[in-house]
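Coordinates as given in work28.tsv (TSV, C-alpha atoms):
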```
chain	number	residue	atom	x	y	z
A	94	MET	CA	88.17	83.60	84.74
A	95	ALA	CA	87.72	84.04	88.50
A	96	ALA	CA	91.49	84.25	89.00
A	97	LYS	CA	91.71	86.88	86.26
A	98	SER	CA	88.95	88.96	87.88
A	99	THR	CA	90.66	88.68	91.27
A	100	LEU	CA	93.93	89.93	89.78
A	101	GLN	CA	92.12	92.85	88.11
A	102	TYR	CA	90.41	93.78	91.36
A	103	ARG	CA	93.71	93.72	93.22
A	104	LEU	CA	95.35	95.90	90.59
A	105	ILE	CA	92.53	98.43	90.85
A	106	LEU	CA	92.76	98.31	94.66
A	107	PHE	CA	96.49	99.01	94.42
A	108	LEU	CA	95.76	101.88	92.02
A	109	ILE	CA	93.18	103.43	94.38
A	110	ILE	CA	95.59	103.26	97.32
A	111	ALA	CA	98.50	104.53	95.21
A	112	VAL	CA	96.48	107.53	93.99
A	113	ALA	CA	95.30	108.35	97.51
A	114	VAL	CA	98.81	108.13	98.97
A	115	THR	CA	100.25	110.12	96.05
A	116	LEU	CA	97.72	112.89	96.63
A	117	ILE	CA	98.22	113.03	100.37
A	118	SER	CA	102.01	112.69	100.54
A	119	PRO	CA	102.83	116.26	99.38
A	120	THR	CA	100.58	117.66	102.12
A	121	PHE	CA	102.92	116.29	104.80
A	122	LYS	CA	105.26	119.20	104.03
A	123	LYS	CA	102.57	121.64	105.18
A	124	ILE	CA	101.86	120.00	108.54
A	125	GLN	CA	102.64	121.97	111.67
A	126	PHE	CA	102.80	119.39	114.44
A	127	ALA	CA	101.24	120.32	117.78
A	128	SER	CA	104.16	119.55	120.06
A	129	GLY	CA	102.52	121.00	123.18
A	130	VAL	CA	99.35	118.90	123.11
A	131	ASP	CA	98.30	115.38	122.06
A	132	GLU	CA	100.82	114.90	119.24
A	133	GLY	CA	103.64	116.03	121.49
A	134	TYR	CA	102.65	113.60	124.24
A	135	TYR	CA	102.35	110.67	121.83
A	136	PHE	CA	105.77	111.45	120.38
A	137	LYS	CA	107.35	111.85	123.83
A	138	TYR	CA	105.91	108.53	125.02
A	139	ALA	CA	106.92	106.66	121.87
A	140	ALA	CA	110.44	108.11	121.87
A	141	PHE	CA	110.89	107.28	125.56
A	142	ILE	CA	109.78	103.64	125.19
A	143	SER	CA	111.79	103.31	121.99
A	144	ALA	CA	114.88	104.27	123.99
A	145	LYS	CA	114.09	102.62	127.35
A	146	GLY	CA	112.16	99.53	126.32
A	147	LEU	CA	108.99	98.15	127.89
A	148	SER	CA	110.41	98.56	131.39
A	149	GLY	CA	109.98	102.30	130.95
A	150	PHE	CA	106.19	102.17	131.26
A	151	SER	CA	106.19	102.35	135.06
A	152	GLU	CA	108.26	105.53	134.79
A	153	LEU	CA	105.81	106.97	132.26
A	154	PHE	CA	102.91	106.33	134.62
A	155	LYS	CA	104.74	107.87	137.59
A	156	GLY	CA	105.51	110.99	135.58
A	157	TYR	CA	101.94	111.24	134.33
A	158	LEU	CA	100.25	110.72	137.71
A	159	GLY	CA	102.64	113.03	139.49
A	160	ASN	CA	101.95	116.14	137.41
A	161	GLN	CA	98.39	117.49	137.08
A	162	GLU	CA	99.34	119.43	133.95
A	163	HIS	CA	99.66	116.10	132.14
A	164	TRP	CA	96.14	114.99	133.07
A	165	LEU	CA	94.57	117.02	130.26
A	166	PHE	CA	96.45	115.03	127.63
A	167	PRO	CA	96.81	111.37	126.50
A	168	SER	CA	97.92	109.02	129.26
A	169	PRO	CA	100.24	105.96	129.23
A	170	LEU	CA	97.04	103.87	129.34
A	171	ARG	CA	97.34	103.90	125.55
A	172	ALA	CA	100.16	101.38	125.83
A	173	GLY	CA	99.23	99.57	122.61
A	174	TYR	CA	99.70	102.69	120.50
A	175	ILE	CA	102.81	103.70	122.42
A	176	ILE	CA	104.44	100.30	121.85
A	177	LEU	CA	103.54	100.13	118.15
A	178	SER	CA	104.71	103.68	117.50
A	179	ALA	CA	107.88	103.11	119.56
A	180	VAL	CA	108.77	100.14	117.36
A	181	TRP	CA	108.04	102.24	114.28
A	182	LEU	CA	110.30	105.07	115.51
A	183	LYS	CA	112.99	102.55	116.41
A	184	ILE	CA	113.02	101.38	112.79
A	185	PHE	CA	112.57	104.68	110.95
A	186	GLY	CA	113.98	107.26	113.34
A	187	GLN	CA	112.56	109.58	115.98
A	188	SER	CA	110.69	112.48	114.40
A	189	PHE	CA	107.15	113.80	114.28
A	190	ILE	CA	106.96	113.19	110.55
A	191	ASN	CA	107.85	109.52	111.00
A	192	LEU	CA	105.13	109.15	113.63
A	193	ALA	CA	102.71	110.68	111.14
A	194	TYR	CA	103.87	108.14	108.56
A	195	PHE	CA	102.84	105.43	111.01
A	196	SER	CA	99.30	106.83	110.77
A	197	LEU	CA	99.56	106.69	106.99
A	198	PHE	CA	100.66	103.05	107.25
A	199	CYS	CA	97.62	102.25	109.44
A	200	TYR	CA	95.38	104.04	106.91
A	201	VAL	CA	96.68	101.84	104.07
A	202	LEU	CA	96.16	98.69	106.16
A	203	PHE	CA	92.66	99.93	107.00
A	204	LEU	CA	91.81	100.14	103.30
A	205	GLY	CA	93.19	96.65	102.69
A	206	VAL	CA	91.22	95.17	105.59
A	207	ASN	CA	87.97	96.68	104.39
A	208	TYR	CA	88.56	95.51	100.84
A	209	TYR	CA	89.23	91.94	102.00
A	210	PHE	CA	86.06	91.64	104.05
A	211	SER	CA	83.73	93.68	101.85
A	212	LYS	CA	84.77	91.66	98.79
A	213	LYS	CA	83.74	88.53	100.69
A	214	TYR	CA	80.23	89.86	101.36
A	215	LEU	CA	79.58	92.44	98.63
A	216	GLY	CA	81.59	91.17	95.68
A	217	GLY	CA	84.65	92.67	93.99
A	218	GLN	CA	83.03	95.61	92.21
A	219	LEU	CA	81.20	97.02	95.23
A	220	ALA	CA	84.22	96.35	97.44
A	221	LEU	CA	86.42	98.51	95.22
A	222	LEU	CA	83.86	101.33	95.22
A	223	PHE	CA	83.60	101.03	99.00
A	224	VAL	CA	87.38	101.33	99.37
A	225	LEU	CA	87.34	104.34	97.05
A	226	LEU	CA	84.85	106.09	99.34
A	227	LEU	CA	86.94	105.21	102.40
A	228	ALA	CA	90.22	106.24	100.78
A	229	PHE	CA	89.00	109.78	100.13
A	230	SER	CA	87.06	110.29	103.33
A	231	PRO	CA	88.15	113.71	104.67
A	232	LEU	CA	88.43	112.36	108.21
A	233	GLN	CA	90.45	109.30	107.15
A	234	LEU	CA	92.80	111.47	105.09
A	235	ALA	CA	93.17	113.98	107.91
A	236	MET	CA	94.03	111.38	110.53
A	237	SER	CA	96.40	109.55	108.18
A	238	ARG	CA	98.78	112.54	108.27
A	239	ARG	CA	98.83	113.33	111.98
A	240	ALA	CA	100.97	111.99	114.84
A	241	LEU	CA	97.80	110.82	116.61
A	242	ALA	CA	96.33	107.46	117.63
A	243	GLU	CA	93.11	107.72	115.61
A	244	ALA	CA	94.35	105.93	112.46
A	245	ALA	CA	95.52	102.96	114.57
A	246	VAL	CA	92.26	102.95	116.55
A	247	ASN	CA	90.33	102.98	113.30
A	248	LEU	CA	92.30	100.04	111.90
A	249	PHE	CA	91.69	97.77	114.88
A	250	SER	CA	88.09	98.93	115.27
A	251	SER	CA	87.44	97.86	111.68
A	252	LEU	CA	89.13	94.52	112.28
A	253	SER	CA	86.92	94.02	115.35
A	254	ILE	CA	83.74	94.90	113.45
A	255	TRP	CA	84.47	92.59	110.53
A	256	PHE	CA	85.77	89.70	112.64
A	257	PHE	CA	82.66	89.82	114.80
A	258	TRP	CA	80.39	89.80	111.74
A	259	ASP	CA	82.41	86.90	110.33
A	260	PHE	CA	81.98	85.04	113.60
A	261	LEU	CA	78.23	85.58	113.74
A	262	ARG	CA	77.88	84.14	110.24
A	263	GLU	CA	80.34	81.23	110.43
A	264	ARG	CA	80.60	80.44	114.18
A	265	LYS	CA	84.28	79.54	113.92
A	266	HIS	CA	86.25	79.60	117.17
A	267	ARG	CA	89.30	80.88	115.33
A	268	THR	CA	87.39	83.92	114.12
A	269	PHE	CA	86.13	84.65	117.63
A	270	ILE	CA	89.72	84.53	118.91
A	271	PHE	CA	90.72	87.00	116.17
A	272	PHE	CA	87.88	89.28	117.28
A	273	ILE	CA	88.97	89.12	120.94
A	274	ALA	CA	92.58	89.83	119.94
A	275	ALA	CA	91.61	92.82	117.76
A	276	MET	CA	89.38	94.27	120.48
A	277	SER	CA	92.06	93.78	123.14
A	278	VAL	CA	94.65	95.65	121.06
A	279	ASN	CA	92.04	98.31	120.32
A	280	ILE	CA	91.46	98.94	124.04
A	281	LEU	CA	95.20	99.11	124.61
A	282	ILE	CA	95.55	101.65	121.80
A	283	LYS	CA	92.84	103.90	123.24
A	284	GLU	CA	90.98	103.21	126.46
A	285	SER	CA	87.67	104.67	125.20
A	286	SER	CA	87.49	101.74	122.76
A	287	ALA	CA	86.25	99.72	125.74
A	288	LEU	CA	82.84	101.25	124.95
A	289	LEU	CA	82.74	99.05	121.84
A	290	VAL	CA	82.59	95.99	124.09
A	291	PHE	CA	79.02	97.01	124.97
A	292	THR	CA	78.25	97.68	121.30
A	293	PHE	CA	79.28	94.13	120.40
A	294	LEU	CA	77.26	92.79	123.30
A	295	ILE	CA	74.20	94.53	121.83
A	296	LEU	CA	74.95	93.01	118.43
A	297	TRP	CA	75.26	89.56	120.00
A	298	LEU	CA	71.88	89.99	121.74
A	299	ILE	CA	70.25	91.08	118.48
A	300	ASP	CA	71.65	88.05	116.69
A	301	LYS	CA	70.57	85.75	119.50
A	302	PHE	CA	67.01	86.95	120.10
A	303	ILE	CA	65.95	88.61	116.84
A	304	TYR	CA	67.74	86.56	114.20
A	305	GLN	CA	67.73	83.36	116.26
A	306	GLY	CA	71.46	82.88	115.85
A	307	LYS	CA	73.22	79.82	117.20
A	308	ALA	CA	74.64	81.72	120.15
A	309	ASP	CA	75.96	80.36	123.42
A	310	PHE	CA	75.76	82.51	126.57
A	311	LYS	CA	79.46	81.73	127.13
A	312	GLU	CA	80.10	83.99	124.14
A	313	CYS	CA	78.25	86.80	125.87
A	314	ALA	CA	80.50	86.52	128.91
A	315	SER	CA	83.57	86.25	126.69
A	316	ILE	CA	82.70	89.47	124.85
A	317	LEU	CA	82.41	91.31	128.15
A	318	ILE	CA	85.36	89.79	129.97
A	319	PHE	CA	88.13	88.64	127.63
A	320	PRO	CA	89.12	91.95	125.90
A	321	LEU	CA	89.21	93.78	129.25
A	322	PHE	CA	91.04	90.88	130.90
A	323	ALA	CA	93.61	90.77	128.08
A	324	ALA	CA	94.20	94.52	128.41
A	325	GLY	CA	94.61	94.14	132.19
A	326	LEU	CA	97.01	91.25	131.67
A	327	ALA	CA	99.10	93.42	129.36
A	328	PHE	CA	99.39	96.10	132.05
A	329	TRP	CA	100.34	93.43	134.58
A	330	LEU	CA	103.12	92.22	132.29
A	331	LEU	CA	104.25	95.84	131.91
A	332	ARG	CA	104.25	96.09	135.74
A	333	CYS	CA	101.80	98.98	135.66
A	334	LEU	CA	98.82	97.55	137.57
A	335	PRO	CA	99.49	99.70	140.69
A	336	TYR	CA	98.96	102.83	138.58
A	337	LEU	CA	96.05	101.58	136.48
A	338	PHE	CA	93.03	102.62	138.53
A	339	SER	CA	94.47	106.04	139.38
A	340	ALA	CA	95.01	106.71	135.69
A	341	ILE	CA	91.48	105.52	134.81
A	342	LYS	CA	90.01	107.79	137.50
A	343	ILE	CA	91.86	110.77	136.03
A	344	ILE	CA	90.63	109.94	132.52
A	345	LEU	CA	87.00	109.71	133.69
A	346	ASN	CA	87.19	112.99	135.63
A	347	SER	CA	89.20	114.91	133.04
A	348	PRO	CA	86.31	116.09	130.77
A	349	GLY	CA	84.71	117.94	133.67
A	350	THR	CA	87.89	119.88	134.47
A	351	ASN	CA	89.37	120.33	130.99
A	352	ALA	CA	88.52	123.85	129.78
A	353	TYR	CA	89.19	122.94	126.13
A	354	ALA	CA	86.93	119.86	126.34
A	355	ILE	CA	84.16	121.90	127.97
A	356	GLN	CA	84.32	124.68	125.39
A	357	PHE	CA	84.97	122.64	122.26
A	358	GLY	CA	83.84	119.10	123.14
A	359	SER	CA	80.36	119.54	124.51
A	360	GLY	CA	77.04	119.95	122.72
A	361	PRO	CA	73.85	118.10	121.76
A	362	TRP	CA	73.57	114.46	120.70
A	363	TYR	CA	73.41	115.40	117.01
A	364	ARG	CA	76.74	117.21	117.07
A	365	TYR	CA	78.54	114.29	115.39
A	366	LEU	CA	76.05	114.49	112.51
A	367	ILE	CA	76.78	118.19	112.07
A	368	ASP	CA	80.54	117.57	112.11
A	369	TYR	CA	80.31	114.75	109.60
A	370	MET	CA	78.01	116.90	107.45
A	371	LEU	CA	80.69	119.59	107.38
A	372	LEU	CA	83.29	117.01	106.38
A	373	SER	CA	81.29	115.01	103.84
A	374	PRO	CA	77.71	116.23	103.33
A	375	TRP	CA	76.65	113.88	100.53
A	376	ALA	CA	77.94	110.79	102.32
A	377	VAL	CA	75.96	111.73	105.44
A	378	ILE	CA	72.75	112.42	103.52
A	379	LEU	CA	72.98	109.11	101.66
A	380	ALA	CA	73.87	107.19	104.84
A	381	LEU	CA	70.98	108.66	106.82
A	382	GLY	CA	68.66	107.82	103.93
A	383	PHE	CA	69.79	104.20	103.99
A	384	ILE	CA	69.43	103.94	107.79
A	385	LEU	CA	65.93	105.41	107.56
A	386	ARG	CA	65.13	102.85	104.88
A	387	LEU	CA	66.25	100.07	107.24
A	388	LEU	CA	64.27	101.49	110.17
A	389	LEU	CA	61.16	101.50	107.98
A	390	GLY	CA	61.52	97.75	107.65
A	391	LYS	CA	63.29	97.50	104.31
A	392	ALA	CA	66.40	95.62	105.44
A	393	ASP	CA	67.70	93.57	102.53
A	394	ASN	CA	69.80	91.22	104.64
A	395	GLU	CA	71.27	90.67	108.07
A	396	MET	CA	74.57	92.34	107.20
A	397	HIS	CA	72.83	95.67	106.64
A	398	ALA	CA	71.01	95.32	109.94
A	399	TYR	CA	74.28	94.40	111.70
A	400	PHE	CA	76.11	97.51	110.53
A	401	ALA	CA	73.11	99.73	111.20
A	402	ALA	CA	72.83	98.36	114.75
A	403	PHE	CA	76.56	98.88	115.27
A	404	PHE	CA	76.36	102.46	113.97
A	405	LEU	CA	73.39	103.40	116.16
A	406	ALA	CA	74.74	101.70	119.31
A	407	ALA	CA	78.22	103.22	118.90
A	408	PHE	CA	76.72	106.63	118.11
A	409	ILE	CA	74.71	106.57	121.36
A	410	LEU	CA	77.64	105.38	123.49
A	411	LEU	CA	80.07	107.91	122.01
A	412	ASN	CA	77.72	110.71	123.06
A	413	ILE	CA	78.40	109.93	126.71
A	414	PHE	CA	81.83	111.57	126.77
A	415	THR	CA	83.62	114.49	125.13
A	416	LYS	CA	82.38	115.04	121.59
A	417	ASN	CA	84.95	115.36	118.85
A	418	VAL	CA	84.50	113.82	115.43
A	419	ARG	CA	87.99	112.29	115.47
A	420	TYR	CA	86.98	110.35	118.58
A	421	ALA	CA	84.04	109.03	116.52
A	422	ILE	CA	86.14	107.95	113.52
A	423	VAL	CA	84.76	104.41	114.02
A	424	LEU	CA	81.43	105.67	112.62
A	425	ASP	CA	82.98	106.64	109.30
A	426	MET	CA	83.36	103.13	107.89
A	427	PRO	CA	79.73	101.96	108.34
A	428	MET	CA	78.46	105.36	107.24
A	429	ARG	CA	80.34	105.10	103.95
A	430	LEU	CA	79.10	101.57	103.49
A	431	PHE	CA	75.53	102.89	103.83
A	432	SER	CA	76.31	105.66	101.33
A	433	LEU	CA	77.44	103.11	98.77
A	434	LEU	CA	74.45	100.83	99.35
A	435	MET	CA	72.03	103.75	99.07
A	436	LEU	CA	73.59	104.88	95.80
A	437	GLU	CA	73.41	101.31	94.53
A	438	ARG	CA	69.68	101.14	95.19
A	439	ILE	CA	69.10	104.50	93.52
A	440	THR	CA	71.06	103.59	90.39
A	441	ARG	CA	69.45	100.14	90.13
A	442	ARG	CA	66.01	101.73	90.22
A	443	ILE	CA	66.74	104.51	87.73
A	444	PHE	CA	69.03	102.70	85.24
A	445	PRO	CA	68.87	98.96	85.96
A	446	GLN	CA	70.81	98.04	82.81
A	447	GLN	CA	73.70	100.44	83.43
A	448	ALA	CA	73.55	100.59	87.22
A	449	ILE	CA	77.16	99.64	87.98
A	450	LYS	CA	78.55	102.15	85.47
A	451	LEU	CA	76.43	104.97	86.82
A	452	LEU	CA	77.26	103.93	90.38
A	453	SER	CA	80.97	104.03	89.59
A	454	VAL	CA	80.69	107.52	88.14
A	455	LEU	CA	78.77	108.77	91.18
A	456	VAL	CA	81.22	107.22	93.63
A	457	VAL	CA	84.20	108.78	91.81
A	458	ALA	CA	82.41	112.16	91.88
A	459	LEU	CA	81.75	111.76	95.61
A	460	ALA	CA	85.39	110.81	96.22
A	461	PHE	CA	86.59	113.93	94.36
A	462	SER	CA	84.19	116.10	96.36
A	463	ASP	CA	85.44	114.59	99.62
A	464	TYR	CA	89.08	115.07	98.68
A	465	PHE	CA	88.60	118.75	97.90
A	466	ASN	CA	86.73	119.18	101.17
A	467	PHE	CA	89.64	117.55	102.99
A	468	TYR	CA	92.11	119.83	101.24
A	469	GLU	CA	90.11	122.96	102.02
A	470	ILE	CA	89.70	122.14	105.73
A	471	PHE	CA	92.89	120.35	106.73
A	472	VAL	CA	95.52	121.55	104.25
A	473	GLN	CA	94.52	125.09	103.30
A	474	GLY	CA	92.65	125.66	106.58
A	475	GLY	CA	95.38	124.00	108.63
A	476	VAL	CA	92.88	122.39	111.02
A	477	TYR	CA	94.62	120.10	113.49
A	478	ASP	CA	91.75	119.15	115.78
A	479	PRO	CA	88.42	118.81	113.89
A	480	ALA	CA	86.26	120.32	116.65
A	481	SER	CA	82.95	121.77	115.42
A	482	PHE	CA	84.07	125.37	115.93
A	483	LEU	CA	87.22	124.88	113.88
A	484	LEU	CA	85.35	123.04	111.11
A	485	LEU	CA	82.76	125.83	110.92
A	486	LYS	CA	85.57	128.37	110.84
A	487	ALA	CA	87.40	126.53	108.05
A	488	LYS	CA	84.18	126.36	106.00
A	489	HIS	CA	83.64	130.12	106.54
A	490	ILE	CA	80.26	129.50	108.16
A	491	ILE	CA	81.18	131.54	111.25
A	492	PRO	CA	83.49	134.62	111.38
A	493	PHE	CA	86.98	133.47	110.55
A	494	ASN	CA	89.19	136.56	110.62
```
If you took the structure in this file and wrote it as structure tokens, what would it be?
Amino acid sequence: MAAKSTLQYRLILFLIIAVAVTLISPTFKKIQFASGVDEGYYFKYAAFISAKGLSGFSELFKGYLGNQEHWLFPSPLRAGYIILSAVWLKIFGQSFINLAYFSLFCYVLFLGVNYYFSKKYLGGQLALLFVLLLAFSPLQLAMSRRALAEAAVNLFSSLSIWFFWDFLRERKHRTFIFFIAAMSVNILIKESSALLVFTFLILWLIDKFIYQGKADFKECASILIFPLFAAGLAFWLLRCLPYLFSAIKIILNSPGTNAYAIQFGSGPWYRYLIDYMLLSPWAVILALGFILRLLLGKADNEMHAYFAAFFLAAFILLNIFTKNVRYAIVLDMPMRLFSLLMLERITRRIFPQQAIKLLSVLVVALAFSDYFNFYEIFVQGGVYDPASFLLLKAKHIIPFN
């Protein structure tokens, strides 16, 4: 019976992913790739390394550091993404559309990863509904069709989050190694992911001192040191260490000199909430309701507290730098988990006998709403960079002519 249920769940998972990919694939024909900004730089880097091999990284760094015009755009510090996308282009051919298909591939893997782990902790039915919410997230759909690093960042961020939760529960050394590996790759894909190291340190401290977890202070040091050390080791192997600190200095100083970042990437701490509200209002309302419920002392289990602590810590840290909702894509997964859990509690209270059926209907309705919002903003509206101004413009909230 269990084997039969597992097979059914996998078939439904495949159906959800197939429907999502089928709906998004035709929209690739309408994409206008931004060759002069981030997408253009990612493609140029990937194509160069695809042709030159790993020895070309030192040349990439020299070219980047030697021209101030490049400093406003992605740097070769994102070696992990550059290498992965270079391999992808080597296999499938050098074109913007193929680089966008790499994002779609990461999006599909992201859904599979979240199904695997959520099924382990939530059960098959809730895991499928969770994946359905993720699959039709406007931000996930938008980033799955662009030649940008966000889909890859999101994949390895999710792996890091789930592996760390797995480790806290089971205390297996193998799982901790998987976590370190996922975080290391994540930092190499996008340097700002290093902020998550401090988020995981906070989660470790909460587990140690609030939940009395069986934690060793060696783990604390490992969380802080090993992912950064592994990333540094990778740059040493690529023979790029002499350029590393100069590139990091440029990245840290860039927001203060980048006119676009100043005009479109600044704002108050609640800007991410506004942006997510524009993208998926019902998911945000439900998620905030669930977080408030937890803060009022109604945490059902440690897993809920873990994801809430991750969300709040990451939200605070992401407010330090330039604000753009695609840079905060890591918040989308826990927020949709909270949305599902909040809906579950509502349906169990109102219709306890038919809760799962009602929950399924509501989740499908929410997924449809999110998909149409995605289509309006990113396909019809043609939004490339989901900055607040452009989202407001696409939703016709501010003058748009």
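Between CA of Phe249 in chain A and CA of Thr292 in chain A the interatomic distance comes to 14.9 Å.
Residues in contact with Pro492 in chain A at up to 12 Å, not including ones fewer than 5 positions away on its chain and judged by all atoms listed in the file, are Phe482, Leu483, Leu484, Leu485, Lys486 and Ala487 of chain A.
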**Q.** Atomic distance CA of Pro427 in chain A - CA of Arg103 in chain A, expressed in Å with one decimal
**A.**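 These two atoms are separated by 22.2 Å.
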Q: Mind listing whatever residues come within 10 Å of the point (73.8, 100.9, 86.6)? Use only C-alpha atoms, file coordinates, and give them as a PyMOL selection string.
A: chain A and resi 437-454
Q: Write out as a list in words which residues come within 10 Å of range 329-337 of chain A when counting all atoms listed in the file, dropping same-chain ones fewer than 2 positions away.
A: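 Here the answer would be Leu147, Ser148, Gly149, Phe150, Ser151, Glu152, Leu153, Phe154, Lys155, Tyr157, Leu158, Pro169, Leu170, Ala172, Ala323, Ala324, Gly325, Leu326, Ala327, Ser339, Ala340, Ile341 and Lys342 of chain A.
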(Q) Please determine, counting only C-alpha atoms, which residue among A:Thr99, A:Ile343, A:Ala352, A:Phe272 has the shortest atom-to-atom distance to Phe319 in chain A. (A) A:Phe272
How big is the axis-aligned box around the listed atoms of range 259-266 of chain A once 3 Å is added on each side, and where is its centre? Give both in Å to one decimal, as JSON.
```
{"center_x": 82.1, "center_y": 83.2, "center_z": 113.7, "size_x": 14.4, "size_y": 13.4, "size_z": 12.9}
```
